[in-house]
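What follows is a short report on a single structure.
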Amino acid sequence: MAIAHQFEYVKPGSLREAVKTLARYGSRARILAGGTDLVSLIAEDMVKPETVVDIKGLPGLNKIEFKDGVLSIGALVTFSDLRDSPAVAKKFPVLREMTGWLASVGIRNRATVMGNLCSAVPCCDSGPVLLVYDAMVLVTGPGGKRKVPLRDWFVGPRKTVLKRGEIATGVAVPLPGKKHAACFVKLRRYEGEDLAQASVTVLALAGNSYRISFGAVAPRPLRAGRIEALLEGKALSDELVEQAVRLVPQEIAPITDIRATKEYRTLMAGVMLERGLRAAVARLAGAGPAYGTSLI
Amino acid sequence: MKKSITLKLNREQRTVEVEPSDILLDVLREKIGVKSPKIGCERGDCGACTVLLDGKSVRSCLILAIEADGRQITTVEGLSHAGLTPLQRSFLKHGAFQCGFCAPGIVLSATELLDKNPHPSEAEVKEAVAGNLCRCTGYKPIIDAILAVSAPSVKAGGLK
């Protein structure tokens with residue numbers, strides 16, 4: 001199926017040039033990195049850009065770096081790059097765990113982490129996992145640079161706070177100062193590639209602190225503040241887990257769609273929270289299932 | 001506006017005129033005449049259009065041809081320049097395909113896997129081909145064929 005919509009293609013060689021082009025075309029331009037989302041959207045006539053700005057010529061954006069306790073993931077880093085990164089495997093094993101259940105190798109080789117965040121579909125996998133690390137999105141625009149906490153990044157389905165003319169150049173992920181462990185649980189209809197029906201990420205920190213996020217059960221990936229507050233400072237017990245699971249319906253707002261009903265999503269979010277909490281706490285104690293073991 | 005791009009396809013330099021909206025898959029099949037990448041779902045789900053872009057498996061239905069300017073592309077036609085690879089022979093031996101529509105994609109996905117990881121586990125093989133849908137075989141003979149050339153003593157590679 002040839003693409004009917006015609007557009008101009010530009011490939012700037014510098015960030016300054018890219019920002020200038022984006023500022024000039026405004027809403028008539030779309031940024032192209034991996035293209036796994038954009039090209040299918042154009043092919044299906046969902047978006048009709050006048051100009052496609054390919055950012056693969058921008059220098060320095062394909063790097064993953066761990067420096068001074070912060071993991072920097074450039075805008076051109078693919079999910080395969082993330083999966084193969086020794087720094088990620090060592091310091092952020094739950095990020096690697098997430099990549100193993102994301103799409104297929106053929107997509108991971110091309111799709112970028114930043115593209116996943118910019119597409120902002122509610123069932124994205126990188127969003128909820130990066131949320132528990134309090135990640136920051138690095139943005140460059142005509143007005144200069146700014147940092148956006150990932151918590152404030154997602155506005156709704158396919159909407160972020162990125163303004164016309166701006167380009168997200170990377171995401172900065174601070175390693176928690178305390179000893180910690182995490183767990184990503186993704187519900188899918190079958191083994192192999194599938195979008196999340198629901199996902200839960202738990203980060204357990206020494207001293208009984210917990211960070212929890214959900215994916216695919218609200219218009220955007222979200223942190224579960226009420227559940228985190230309930231758990232704060234408390235050692236995990238059966239009773240506490242039960243209380244936390246009871247709060248799940250207050251945190252999420254799932255819909256019924258082709259992949260699951262809202263009732264099923266709500267029920268399973270509770271089941272997954274329980275398993276995620278127990279696995280993260282067990283991992284923190286040096287036990288628990290190895291990263292990459294599916295808990296559902 | 002048409003633009004001329006040059007790519008190295010199966011070790012051969014090719015120059016073609018493309019519109020920015022031309023999809024790599026269509027250009028390979030219709031303008032260049034390489035027919036092993038198949039038109040399946042055209043949305044990145046089925047893996048039938050898989051090609052290797054600089055050695056990595058990608059969905060050619062989700063790539064603009066213009067993005068491939070200056071890059072290296074390998075299809076099944078390019079793997080067999082010196083006869084079938086050990087992996088391809090293993091697929092034959094195991095009767096791994098029936099209709100064959102998914103075969104080029106699976107051969108390339110498995111080639112990428114074995115070039116990167118010559119001795120994968122069964123779980124790694126399954127992960128590598130999970131994005132290539134096969135409606136005939138139930139995957140068993142495909143996975144067996146890949147594992148058969150993954151034994152420590154076998155050299156399976158196709159790209160090098």
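Chain labels follow the order of the structure tokens: the first chain is A, the next B, and so on; residue numbering restarts at 1 in every chain, and ligands are counted from 1 in their shown order.
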Proximity check chain B to chain A, 8 Å, nearest pairs one decimal Å, only C-alpha atoms, as a tab-separated table:
residue	atom	partner	partner_atom	distance
B:Met1	CA	A:Glu8	CA	7.3
B:Pro20	CA	A:Tyr9	CA	5.8
B:Ser21	CA	A:Ile3	CA	5.9
B:Asp22	CA	A:Ala2	CA	6.6
B:Ile23	CA	A:Ala2	CA	6.8
B:Asp26	CA	A:Ala2	CA	7.2
B:Glu42	CA	A:Met1	CA	7.5
B:Arg43	CA	A:Ser40	CA	5.8
B:Gly44	CA	A:Ile107	CA	7.3
B:Gly47	CA	A:Gly106	CA	7.5
B:Thr50	CA	A:Gly106	CA	7.4
B:Lys56	CA	A:Asn109	CA	6.7
B:Ser57	CA	A:Gly106	CA	5.1
B:Val58	CA	A:Gly106	CA	4.5
B:Arg59	CA	A:Gly106	CA	6.1
B:Leu62	CA	A:Val39	CA	5.5
B:Ile63	CA	A:Gly35	CA	6.5
B:Leu64	CA	A:Val39	CA	7.5
B:Ser109	CA	A:Gly106	CA	7.8
B:Glu127	CA	A:Gly192	CA	7.0
B:Ala128	CA	A:Val105	CA	6.1
B:Val129	CA	A:Val105	CA	7.9
B:Ala130	CA	A:Gly192	CA	5.0
B:Gly131	CA	A:Ser104	CA	4.7
Legend entry - Residues flagged alpha helix (DSSP H) by DSSP in segment 1-123 of chain A, as a VMD selection string: chain A and resid 15 to 25 38 to 43 79 to 84 86 to 91 93 to 99 105 to 108 113 to 119
Selection above as a file: N, CA and C atoms, as a short mmCIF file (atom, residue, chain, number, x, y, z; two decimals), in the first residue's frame:
data_model
loop_
_atom_site.label_atom_id
_atom_site.label_comp_id
_atom_site.auth_asym_id
_atom_site.auth_seq_id
_atom_site.Cartn_x
_atom_site.Cartn_y
_atom_site.Cartn_z
N LEU A 15 21.14 20.15 15.89
CA LEU A 15 19.96 20.39 16.72
C LEU A 15 19.39 21.78 16.43
N ARG A 16 20.31 22.75 16.26
CA ARG A 16 19.88 24.13 15.99
C ARG A 16 19.04 24.18 14.70
N GLU A 17 19.55 23.49 13.68
CA GLU A 17 18.85 23.47 12.39
C GLU A 17 17.48 22.77 12.53
N ALA A 18 17.45 21.69 13.32
CA ALA A 18 16.20 20.94 13.51
C ALA A 18 15.17 21.82 14.20
N VAL A 19 15.60 22.53 15.24
CA VAL A 19 14.67 23.40 15.98
C VAL A 19 14.15 24.52 15.07
N LYS A 20 15.05 25.04 14.25
CA LYS A 20 14.66 26.11 13.33
C LYS A 20 13.58 25.60 12.35
N THR A 21 13.83 24.40 11.81
CA THR A 21 12.87 23.83 10.87
C THR A 21 11.53 23.58 11.55
N LEU A 22 11.60 23.01 12.76
CA LEU A 22 10.36 22.70 13.48
C LEU A 22 9.60 23.98 13.82
N ALA A 23 10.34 25.02 14.18
CA ALA A 23 9.69 26.29 14.53
C ALA A 23 9.02 26.89 13.29
N ARG A 24 9.67 26.71 12.15
CA ARG A 24 9.13 27.28 10.92
C ARG A 24 7.82 26.58 10.51
N TYR A 25 7.79 25.26 10.63
CA TYR A 25 6.61 24.53 10.15
C TYR A 25 5.54 24.34 11.24
N LEU A 38 5.07 6.67 13.55
CA LEU A 38 4.74 7.75 12.61
C LEU A 38 4.42 7.23 11.21
N VAL A 39 5.24 6.31 10.71
CA VAL A 39 5.02 5.85 9.33
C VAL A 39 3.67 5.15 9.20
N SER A 40 3.28 4.37 10.21
CA SER A 40 1.97 3.72 10.10
C SER A 40 0.84 4.74 10.26
N LEU A 41 1.06 5.77 11.07
CA LEU A 41 0.04 6.81 11.20
C LEU A 41 -0.17 7.57 9.89
N ILE A 42 0.95 7.85 9.20
CA ILE A 42 0.84 8.54 7.91
C ILE A 42 0.19 7.61 6.89
N ALA A 43 0.60 6.33 6.88
CA ALA A 43 0.05 5.37 5.91
C ALA A 43 -1.46 5.23 6.10
N PHE A 79 14.97 0.51 21.68
CA PHE A 79 14.73 -0.45 22.76
C PHE A 79 15.76 -1.58 22.72
N SER A 80 16.26 -1.92 21.52
CA SER A 80 17.32 -2.93 21.45
C SER A 80 18.61 -2.39 22.07
N ASP A 81 18.91 -1.10 21.83
CA ASP A 81 20.10 -0.49 22.45
C ASP A 81 19.98 -0.59 23.97
N LEU A 82 18.78 -0.29 24.47
CA LEU A 82 18.55 -0.31 25.91
C LEU A 82 18.73 -1.74 26.44
N ARG A 83 18.18 -2.70 25.70
CA ARG A 83 18.24 -4.10 26.11
C ARG A 83 19.67 -4.61 26.14
N ASP A 84 20.52 -4.09 25.23
CA ASP A 84 21.90 -4.58 25.12
C ASP A 84 22.88 -3.77 25.97
N PRO A 86 25.10 -2.69 28.91
CA PRO A 86 25.58 -3.25 30.19
C PRO A 86 25.21 -2.35 31.38
N ALA A 87 25.25 -1.03 31.18
CA ALA A 87 24.92 -0.12 32.29
C ALA A 87 23.47 -0.30 32.71
N VAL A 88 22.59 -0.47 31.73
CA VAL A 88 21.17 -0.67 32.04
C VAL A 88 20.99 -2.00 32.77
N ALA A 89 21.62 -3.06 32.25
CA ALA A 89 21.48 -4.38 32.88
C ALA A 89 21.96 -4.35 34.33
N LYS A 90 23.01 -3.59 34.58
CA LYS A 90 23.61 -3.59 35.90
C LYS A 90 22.87 -2.68 36.87
N LYS A 91 22.57 -1.46 36.43
CA LYS A 91 22.02 -0.46 37.34
C LYS A 91 20.49 -0.35 37.29
N PRO A 93 18.04 -2.92 36.10
CA PRO A 93 17.60 -4.19 35.50
C PRO A 93 16.10 -4.21 35.15
N VAL A 94 15.29 -3.40 35.84
CA VAL A 94 13.86 -3.43 35.52
C VAL A 94 13.58 -2.76 34.16
N LEU A 95 14.46 -1.84 33.75
CA LEU A 95 14.31 -1.27 32.41
C LEU A 95 14.56 -2.35 31.36
N ARG A 96 15.56 -3.17 31.63
CA ARG A 96 15.84 -4.28 30.71
C ARG A 96 14.69 -5.29 30.73
N GLU A 97 14.16 -5.54 31.92
CA GLU A 97 13.02 -6.46 32.06
C GLU A 97 11.86 -5.99 31.17
N MET A 98 11.62 -4.68 31.18
CA MET A 98 10.54 -4.10 30.37
C MET A 98 10.77 -4.33 28.88
N THR A 99 12.04 -4.18 28.43
CA THR A 99 12.30 -4.30 26.99
C THR A 99 12.03 -5.71 26.47
N VAL A 105 11.60 -8.09 18.24
CA VAL A 105 12.97 -7.64 17.98
C VAL A 105 12.99 -6.66 16.79
N GLY A 106 12.23 -7.00 15.74
CA GLY A 106 12.20 -6.15 14.55
C GLY A 106 11.70 -4.74 14.82
N ILE A 107 10.80 -4.60 15.78
CA ILE A 107 10.33 -3.27 16.18
C ILE A 107 11.33 -2.63 17.14
N ARG A 108 11.82 -3.42 18.10
CA ARG A 108 12.78 -2.88 19.10
C ARG A 108 14.04 -2.35 18.44
N VAL A 113 13.06 4.80 22.64
CA VAL A 113 12.45 5.02 23.94
C VAL A 113 11.74 6.39 23.93
N MET A 114 12.42 7.39 23.39
CA MET A 114 11.83 8.72 23.37
C MET A 114 10.58 8.77 22.50
N GLY A 115 10.61 8.03 21.39
CA GLY A 115 9.43 7.97 20.54
C GLY A 115 8.24 7.38 21.28
N ASN A 116 8.52 6.37 22.10
CA ASN A 116 7.49 5.74 22.92
C ASN A 116 6.89 6.77 23.88
N LEU A 117 7.76 7.60 24.48
CA LEU A 117 7.29 8.63 25.41
C LEU A 117 6.53 9.73 24.67
N CYS A 118 7.00 10.07 23.45
CA CYS A 118 6.35 11.14 22.69
C CYS A 118 5.02 10.68 22.08
N SER A 119 4.94 9.40 21.69
CA SER A 119 3.67 8.90 21.17
C SER A 119 2.61 8.91 22.27
#
Inset, instruction - Report as a ChimeraX atom specification: the residues of segment 136-211 of chain A with a DSSP assignment of strand (DSSP E), based on the backbone of this structure. - result: /A:136-141,144-149,154-156,159-160,167-174,180-187,198-205,209-211
Inset, instruction - Mind checking which residues fall within 10 Å of segment 272-285 of chain A, counting only C-alpha atoms, ignoring those fewer than 3 positions away in the same chain, and posting them as a VMD selection string? - result: chain A and resid 94 179 to 187 198 to 206 208 210 to 214 235 to 238 240 to 242 244 to 245 248 267 to 269 288 to 291 295 to 296
